[in-house]
Structure formats: structure tokens, C-alpha cells
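A.B. asks: Please see the structure below; I have some questions.
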There are 2 protein chains.
Amino acid sequence: MKKISLEMGSGGKIMRDFIDDYIVKIFSNPFLNELSDSALLPNKIGFTTDSYVVDPIFFPGGDIGSLSVNGTVNDLIVSGVKPEFLSLSLIIEEGLELNTVIRILKSVKEAADKAHVSITTGDTKVVKQGQGDKIFINTAGVGSLFARPSLKKIKPGDTIITTGTLGEHSLAIMLAREEFGIEAEVKSDCAPLNFLLPLWKKGALWMRDITRGGLATVLSELSEKLPFSVIIEEEKIPLSQPVQAASELLGIDPLYLACEGRALLVVEKEKTESAVKEIRKNKNGETAEVIGRVDDKLGRPGELLLSTLSGGLRLLEPLTSELLPRIC
Amino acid sequence: MKKISLEMGSGGKIMRDFIDDYIVKIFSNPFLNELSDSALLPNKIGFTTDSYVVDPIFFPGGDIGSLSVNGTVNDLIVSGVKPEFLSLSLIIEEGLELNTVIRILKSVKEAADKAHVSITTGDTKVVKQGQGDKIFINTAGVGSLFARPSLKKIKPGDTIITTGTLGEHSLAIMLAREEFGIEAEVKSDCAPLNFLLPLWKKGALWMRDITRGGLATVLSELSEKLPFSVIIEEEKIPLSQPVQAASELLGIDPLYLACEGRALLVVEKEKTESAVKEIRKNKNGETAEVIGRVDDKLGRPGELLLSTLSGGLRLLEPLTSELLPRIC
């Protein structure tokens, strides 16, 4: 009898198959068929949810509290929705120190203030020791539509922009777990992406935050929906020194590492330069780069190709299964 | 150092203190200060959330799937909001059978159809074996304001109505756990309360679903907000035969047992008779009864009093701590 595996929650192809085969089929409705990062309800209301089970709950650059705000806020922003209201639901394991919960709640509050959202409703459940793991948090987010993404307007020559270096969140979690025997000073990139909202009216046609599955998975899912290919240039991909070093040491491809404060954008060719300038003005967009383009000459429609440092072209596949469970 | 206890998630006074002392203080905003079952956002949008950790996940009369829909839907209805859209977020323990998850998802779908809501957005996380317990589900609900509750219009003589017999949900869970060595045929009352919505325009001034803490806790929280007392007549409280028998056998007060498909209403005196008639027309309201009234002669303002079978008056306190963890 088939059982639930860690891969089904990993953000890779196995999770997508699970969602396509069961969730979408069972609940079949126009909101879910889109399978974007949030649902667009009537009256231009955006609605999304995520549960956070990150382990450890405190890590350099953030904690499960700030992550629970930023993750949900960013899902709205990349859907063209201005985040306004969050719900907050806690599942706490009996025996967790009250001070730990208070510290997390304060972090939620601070992150909510930074992202300009209010915590408006909530719930608290406690489970017996051994039936949970410290704390799991769910947030749902509601906001108003700011601008509609327009996948159909994407054309060859439009550019792919990353708002910054890749993989710091994944690496910070890995190092915090001390499972890999390496040490480095890496902070999670966990941050709200509110500064991207204006870009929707300045040439951005599509956005997606880089979470489970990393850049390669996110862009694979984009390219599959296009009648063109997407080409990424390896030399242009911004990587911080520790991510580069750790990736080489551990044999990990940083293109599959998750971030929690980075996004990918497709921007109209003519507006690319000004868009990058605008993104770089923000603390969390300082390392933004144009890393690729939509193409109708190289590769086949729907393909995601990496133009490698050695000059070759390599087909990038979406992640099958996450290296690390519980990174978000 | 103070630690999180099961009582903090129990729906009783200890949980309320935790929420008042920490959640409300830290997030202090007008939405939370109300502390009703849902938040009223601008543009007359209602928003609520609940996480469900019920154990066992299947029980007579329902399962964690139908509960996750009905609980959230009912929180909106008793706030005067017509439920329309739900999010669905799963935290699954590795190793759970896929068929079990599918069965639960189908139950969610069936319950959503019955309650006239769409599942519009979702999330799936998987945690390692031993870090969760089979499946936890969070739903958030969004709907449009149908009518505003009006606590301030409540006056002496207005009546307290229960939509049906008490405690079947709690008892069904207890029996399903087989911890108490008794057997009885009891089904959970788990059901959507959509049939109550029209009552908002036919004399209902206040509603609350009877969940953690039971009737006594729900009505204590009401009476505390009133400049009157609330009197409940023991002889009028509808109890099914199994709940009555099990309560006597186990020494449990059914006034503190949770339901998942029952509500309490305050209805204008003159409209009480027609309201009860209307509620009883529905399958889940057949056993509705007028069980008490708002009073300005007996007791002190803010008190909840039980007029007992033996003719006395007994002060009812809110539940301090739930007998059973994980009933919802």
C-alpha cells in the first residue's frame, strides 16, 4: 500500500504529481486549476495559505515566526496582490518553553510590521509531547489585487531577473542542523518582497518567489507554460561566496536550493534596465541580476536551458525530490 | 521556566489567559481586540482560521476532513458572515497511507460541497515519522458579511436557544479512543450551520458555535460582556440518551462538552417562537430548544446562572481546562 513520503512535501516533481493527481482532481475548480501561489477570489481579493514546519525553529537570519509571515506575504506579492491581512494558527508541542513561543510571536509581529500586514485572526492548539515537533505555524493571507500577471504577453527577448543571490535560506538551515560538518557564516535571505509590487506596473509580466525546488524548479514550471524556451546563463547567476563554497564541498547544485526572500521575474525587454535599477535600490534586492531570457531560437518550446560556463547548453529539469525536508 | 501545557490549547480559561496575555498584547489591533470567532476586514469581508489536530482522525459521524470544513465554516456563520472560500493546508506525517489521505481529501470535498464553499488554495508539508501525528489540517475561511451581530441590542427577556443536543462530538471522540471502557452508539454532531444564516435577519442578535469549553464556557464569555445576567434552565437543556448516560457514568458535566455542529443564539424575545420553528426545520436543528434568557433580576450583571432541576441557582464558571486534548 502506497504511503506518504517526505518527497511529497518537497516542492519537487513528486509533490507536484501528488497535488495534480489528488488535490486538483478532487477539488477541481477554476481557482485551483491555476495552481499559482494564491487564488484570486471575486472582488479582486487574493487569498493564499502556507504551513511552516521549519527545523530548527531558530536559524541565522530568521525563525519560524518571521518565515511564516514572509512566506505568505511573498506568495501574494508574486501573484500581483498587495498583502494586507494574515491569520496565524499555532500547533504547539506540549512542553515547549513559553518564552520560546513568546519570542516567536514577537518575531511574527516584527515581520508583520515590516511587511505592512496585520494579524487579524488566529487559533492555538497544543498536542502531547511526541505528537508534534516544538511548533508548527500556519498563516493564511488576504490582500487586494494590485495588477494581474500576464503570462500571455511574454515574448522572446523578455528577460529573467533574480532579485538576488540564491540558496542562502537552504544553506542557513543546513548549517543550523549541524549535520554536514561544515561551518560558515550564512544568514537566511528570509525577507518580505513588498518592494516588488510597483514593478508590476513597470514591465514585470510574471513573478514567482524562489522556495522549495529552487530556481530550476520555478523556471521549469514557467517554461512549461510558454510556447518558447527559457535560457539561463550560468555565469550571470549571483551566488554568495559561502553558498558557492558549500555547494562545491557538498556537491549540491545551488540552482535547486530554496530561498525565502528572493523572486524571479519575467520583465519586458525594453524595461529590463530600469527594473533592475529599481530592484537594486532595496536592501533585499541589492544583488539582483538579469540571468536569462525567453527565447524562440534555442531549444524547444517549454524547455529550460542552462548556458553553462563551459559554453554548452544543458536541459534543466525540475527537482524530483528535496535534499532536505522541513526547510520551510 | 514556564512551559506550554495541554491546557493552553483546551478552550478553557487557561487558554484564554494565554491568548489575552500574549497573542492580543503582542499583536494588539482592532481586529484581534474583538476576539470573536472571525475578523471583519474592510469591504465587509469575514476571515477566520483554525487548525485541526483531532485524534483519532476518523470517528463516528465524521473525520478530520469534514471537521476542518465545518469548524471553519461555522466560525464564519456565527459571526454573521456567509462562508464562501476556504484554504486547505496539510501537515502529514511520513508513512501515513496515501489512501487515508485520499479518503480525508474526499471528505473535505464532500463537506465543502454541503457547506457551499470552494477550496481555493492550499499547501502540503510532510514531516518525518514521530514529528507529527498522522495528519494536521488548517483551513482558513473567507466570506462576505451577511449581517452584523449586535451584542448591544441584547436586553432582558431575550432568549438563549441551543440548536440541538449537547456533547455528542466530545463523546464520540472519547468512545473512539476506547480509553474509558464504555461502549455506546454515539455519532459526532459535526455539521455545517449554514441554515442559521437567515436567522440573523429574523431576530438573532448573537451566535456562537459550541466548541472547546462547551455551553458553559461559551455562555460565560457572552454574559461577561453583558450588563445583565444569563439564566439557563437545567431541565430544558437537550441531551441525547447516550450523552446523559455516559456523563453520569464518567462524572462529566455535559455543559462543558464540545460540539462541532451546534450553536447558541440570543434571539429577541418576540421572535423566539418563530426562530425555534425555523431552526427545527433543518436536520441539524431538529432538537433545538429555548434553554434560557437574559435577565436583570436574578444574579449580578455578567453572571451565568444555572437554574437546577432541584430548584436552586448555581453560578456556572467557564471551563478551566479541557478534560480531553485534541477533540478538534
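In the C-alpha cells, chains take letters A, B, ... by order of appearance, with residues numbered from 1 within each chain and ligands from 1 in the order shown.
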Write down, as JSON, numbers by chain, each residue of chain A that has any atom within 6 Å of an atom of chain B, counting only C-alpha atoms.

C.D. replies: {"A": [2, 3, 4, 5, 6, 9, 31, 32, 39, 48, 49, 50, 94, 95, 96, 97, 98, 120, 121, 122, 123, 124, 125, 126, 131, 132, 133]}

A.B. asks: Determine which residues of segment 133-252 of chain A DSSP labels as strand (DSSP E or B) from the backbone of this structure, then write them out as a PyMOL selection string.

C.D. replies: chain A and resi 135-145+159-162+204-209+229-233

A.B. asks: Could the residues in this selection be written to a file with N, CA and C atoms, as a PDB file, in the first residue's frame?

C.D. replies:
```
ATOM      1  N   ILE A 135       6.920  23.554  17.342  1.00  0.00           N
ATOM      2  CA  ILE A 135       5.807  24.396  16.896  1.00  0.00           C
ATOM      3  C   ILE A 135       5.694  24.360  15.378  1.00  0.00           C
ATOM      4  N   PHE A 136       4.463  24.231  14.914  1.00  0.00           N
ATOM      5  CA  PHE A 136       4.142  24.398  13.501  1.00  0.00           C
ATOM      6  C   PHE A 136       3.247  25.628  13.414  1.00  0.00           C
ATOM      7  N   ILE A 137       3.423  26.415  12.383  1.00  0.00           N
ATOM      8  CA  ILE A 137       2.613  27.624  12.233  1.00  0.00           C
ATOM      9  C   ILE A 137       1.951  27.640  10.867  1.00  0.00           C
ATOM     10  N   ASN A 138       0.679  27.957  10.843  1.00  0.00           N
ATOM     11  CA  ASN A 138       0.018  28.230   9.564  1.00  0.00           C
ATOM     12  C   ASN A 138      -0.361  29.695   9.501  1.00  0.00           C
ATOM     13  N   THR A 139      -0.089  30.317   8.363  1.00  0.00           N
ATOM     14  CA  THR A 139      -0.660  31.636   8.112  1.00  0.00           C
ATOM     15  C   THR A 139      -1.435  31.567   6.808  1.00  0.00           C
ATOM     16  N   ALA A 140      -2.557  32.276   6.773  1.00  0.00           N
ATOM     17  CA  ALA A 140      -3.254  32.492   5.506  1.00  0.00           C
ATOM     18  C   ALA A 140      -3.186  33.993   5.276  1.00  0.00           C
ATOM     19  N   GLY A 141      -3.165  34.392   4.026  1.00  0.00           N
ATOM     20  CA  GLY A 141      -3.028  35.803   3.708  1.00  0.00           C
ATOM     21  C   GLY A 141      -4.128  36.270   2.777  1.00  0.00           C
ATOM     22  N   VAL A 142      -4.599  37.481   3.035  1.00  0.00           N
ATOM     23  CA  VAL A 142      -5.629  38.100   2.206  1.00  0.00           C
ATOM     24  C   VAL A 142      -5.129  39.480   1.790  1.00  0.00           C
ATOM     25  N   GLY A 143      -5.354  39.835   0.549  1.00  0.00           N
ATOM     26  CA  GLY A 143      -4.965  41.162   0.087  1.00  0.00           C
ATOM     27  C   GLY A 143      -5.769  41.553  -1.135  1.00  0.00           C
ATOM     28  N   SER A 144      -5.476  42.734  -1.646  1.00  0.00           N
ATOM     29  CA  SER A 144      -6.242  43.199  -2.806  1.00  0.00           C
ATOM     30  C   SER A 144      -5.378  43.176  -4.062  1.00  0.00           C
ATOM     31  N   LEU A 145      -5.996  42.823  -5.155  1.00  0.00           N
ATOM     32  CA  LEU A 145      -5.260  42.718  -6.413  1.00  0.00           C
ATOM     33  C   LEU A 145      -4.661  44.066  -6.778  1.00  0.00           C
ATOM     34  N   THR A 159      13.201  39.381 -20.401  1.00  0.00           N
ATOM     35  CA  THR A 159      14.323  38.904 -19.579  1.00  0.00           C
ATOM     36  C   THR A 159      13.878  38.212 -18.291  1.00  0.00           C
ATOM     37  N   ILE A 160      14.769  37.383 -17.782  1.00  0.00           N
ATOM     38  CA  ILE A 160      14.580  36.716 -16.491  1.00  0.00           C
ATOM     39  C   ILE A 160      15.494  37.425 -15.491  1.00  0.00           C
ATOM     40  N   ILE A 161      14.895  37.928 -14.421  1.00  0.00           N
ATOM     41  CA  ILE A 161      15.665  38.619 -13.382  1.00  0.00           C
ATOM     42  C   ILE A 161      15.538  37.846 -12.074  1.00  0.00           C
ATOM     43  N   THR A 162      16.659  37.668 -11.375  1.00  0.00           N
ATOM     44  CA  THR A 162      16.562  37.202  -9.993  1.00  0.00           C
ATOM     45  C   THR A 162      16.794  38.419  -9.097  1.00  0.00           C
ATOM     46  N   ALA A 204       7.023  44.213 -15.353  1.00  0.00           N
ATOM     47  CA  ALA A 204       7.019  42.815 -14.904  1.00  0.00           C
ATOM     48  C   ALA A 204       5.770  42.121 -15.444  1.00  0.00           C
ATOM     49  N   LEU A 205       5.959  40.931 -16.026  1.00  0.00           N
ATOM     50  CA  LEU A 205       4.837  40.175 -16.593  1.00  0.00           C
ATOM     51  C   LEU A 205       4.505  38.955 -15.745  1.00  0.00           C
ATOM     52  N   TRP A 206       5.467  38.527 -14.963  1.00  0.00           N
ATOM     53  CA  TRP A 206       5.331  37.293 -14.174  1.00  0.00           C
ATOM     54  C   TRP A 206       6.343  37.333 -13.041  1.00  0.00           C
ATOM     55  N   MET A 207       5.981  36.810 -11.886  1.00  0.00           N
ATOM     56  CA  MET A 207       6.921  36.695 -10.761  1.00  0.00           C
ATOM     57  C   MET A 207       6.644  35.382 -10.030  1.00  0.00           C
ATOM     58  N   ARG A 208       7.668  34.871  -9.387  1.00  0.00           N
ATOM     59  CA  ARG A 208       7.491  33.720  -8.509  1.00  0.00           C
ATOM     60  C   ARG A 208       8.595  33.774  -7.462  1.00  0.00           C
ATOM     61  N   ASP A 209       8.239  33.550  -6.198  1.00  0.00           N
ATOM     62  CA  ASP A 209       9.296  33.503  -5.192  1.00  0.00           C
ATOM     63  C   ASP A 209      10.033  32.172  -5.305  1.00  0.00           C
ATOM     64  N   SER A 229      11.264  28.757 -25.274  1.00  0.00           N
ATOM     65  CA  SER A 229      12.174  28.196 -24.272  1.00  0.00           C
ATOM     66  C   SER A 229      12.649  29.327 -23.355  1.00  0.00           C
ATOM     67  N   VAL A 230      13.228  28.932 -22.236  1.00  0.00           N
ATOM     68  CA  VAL A 230      13.831  29.902 -21.322  1.00  0.00           C
ATOM     69  C   VAL A 230      15.305  29.534 -21.187  1.00  0.00           C
ATOM     70  N   ILE A 231      16.175  30.515 -21.399  1.00  0.00           N
ATOM     71  CA  ILE A 231      17.623  30.269 -21.335  1.00  0.00           C
ATOM     72  C   ILE A 231      18.215  31.032 -20.157  1.00  0.00           C
ATOM     73  N   ILE A 232      18.957  30.318 -19.330  1.00  0.00           N
ATOM     74  CA  ILE A 232      19.625  30.924 -18.175  1.00  0.00           C
ATOM     75  C   ILE A 232      21.134  30.857 -18.399  1.00  0.00           C
ATOM     76  N   GLU A 233      21.822  31.934 -18.069  1.00  0.00           N
ATOM     77  CA  GLU A 233      23.279  31.923 -18.249  1.00  0.00           C
ATOM     78  C   GLU A 233      23.978  31.693 -16.913  1.00  0.00           C
TER      79      GLU A 233
END
```

A.B. asks: Using only C-alpha atoms, which residues sit within 12 Å of segment 241-257 of chain B once same-chain residues fewer than 6 positions away are excluded, as a VMD selection string?

C.D. replies: chain B and resid 10 to 12 162 165 to 175 179 to 189 210 to 220 232 to 234 306 316 to 324 327 to 328

A.B. asks: Would you please give, as an NGL selection string, all residues of segment 64-236 of chain B that DSSP assigns to helix (DSSP H, G or I) based on the backbone?

C.D. replies: :B and (64-77 or 98-114 or 151-153 or 168-177 or 194-201 or 214-224 or 234-236)

A.B. asks: In Å, rounded to a single decimal, give me how far atom CA of Thr163 of chain A is from atom CA of Phe146 of chain A.

C.D. replies: 19.6 Å

A.B. asks: Pick out the residues sitting within 10 Å of Pro198 of chain B, and hand them over as a list of chain:residue names; count only C-alpha atoms, and ignore anything fewer than 6 positions along from it in its own chain.

C.D. replies: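 Counting only the stated atoms, we get B:Gly80, B:Phe146, B:Ala147, B:Ala204, B:Ala275, B:Glu278, B:Ile279.
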
A.B. asks: Keeping only C-alpha atoms, write the selected residues to a file as a compact mmCIF listing (two decimals), in the first residue's frame.

C.D. replies:
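Saved result, out04.txt, follows:
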```txt
# COMPACT_ATOMS: atom_id res chain seq x y z
CA GLY B 80 -22.70 36.89 10.61
CA PHE B 146 -24.38 38.87 5.80
CA ALA B 147 -25.50 40.72 8.93
CA ALA B 204 -30.90 36.67 16.19
CA ALA B 275 -36.87 31.27 15.29
CA GLU B 278 -37.26 27.74 11.63
CA ILE B 279 -34.22 26.07 13.21
```

A.B. asks: If you measure from atom CA of Ile237 of chain A to atom CA of Ile291 of chain A, what distance in Å do you get, rounded to one decimal?

C.D. replies: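 Taking atom CA of Ile237 of chain A as the start and atom CA of Ile291 of chain A as the end point, the length is 5.8 Å.
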
A.B. asks: Ranking B:Cys190, B:Glu286, B:Lys236, B:Leu67 by minimum distance to Ser307 of chain B and counting only C-alpha atoms, which one comes first?

C.D. replies: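 Ranking B:Cys190, B:Glu286, B:Lys236, B:Leu67 by distance to Ser307 of chain B, first place goes to B:Lys236.
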
A.B. asks: Could you tell me how far atom CA of Phe59 of chain A lies from atom CA of Ala176 of chain A, in Å and to one decimal?

C.D. replies: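 Separation of atom CA of Phe59 of chain A and atom CA of Ala176 of chain A: 6.1 Å.
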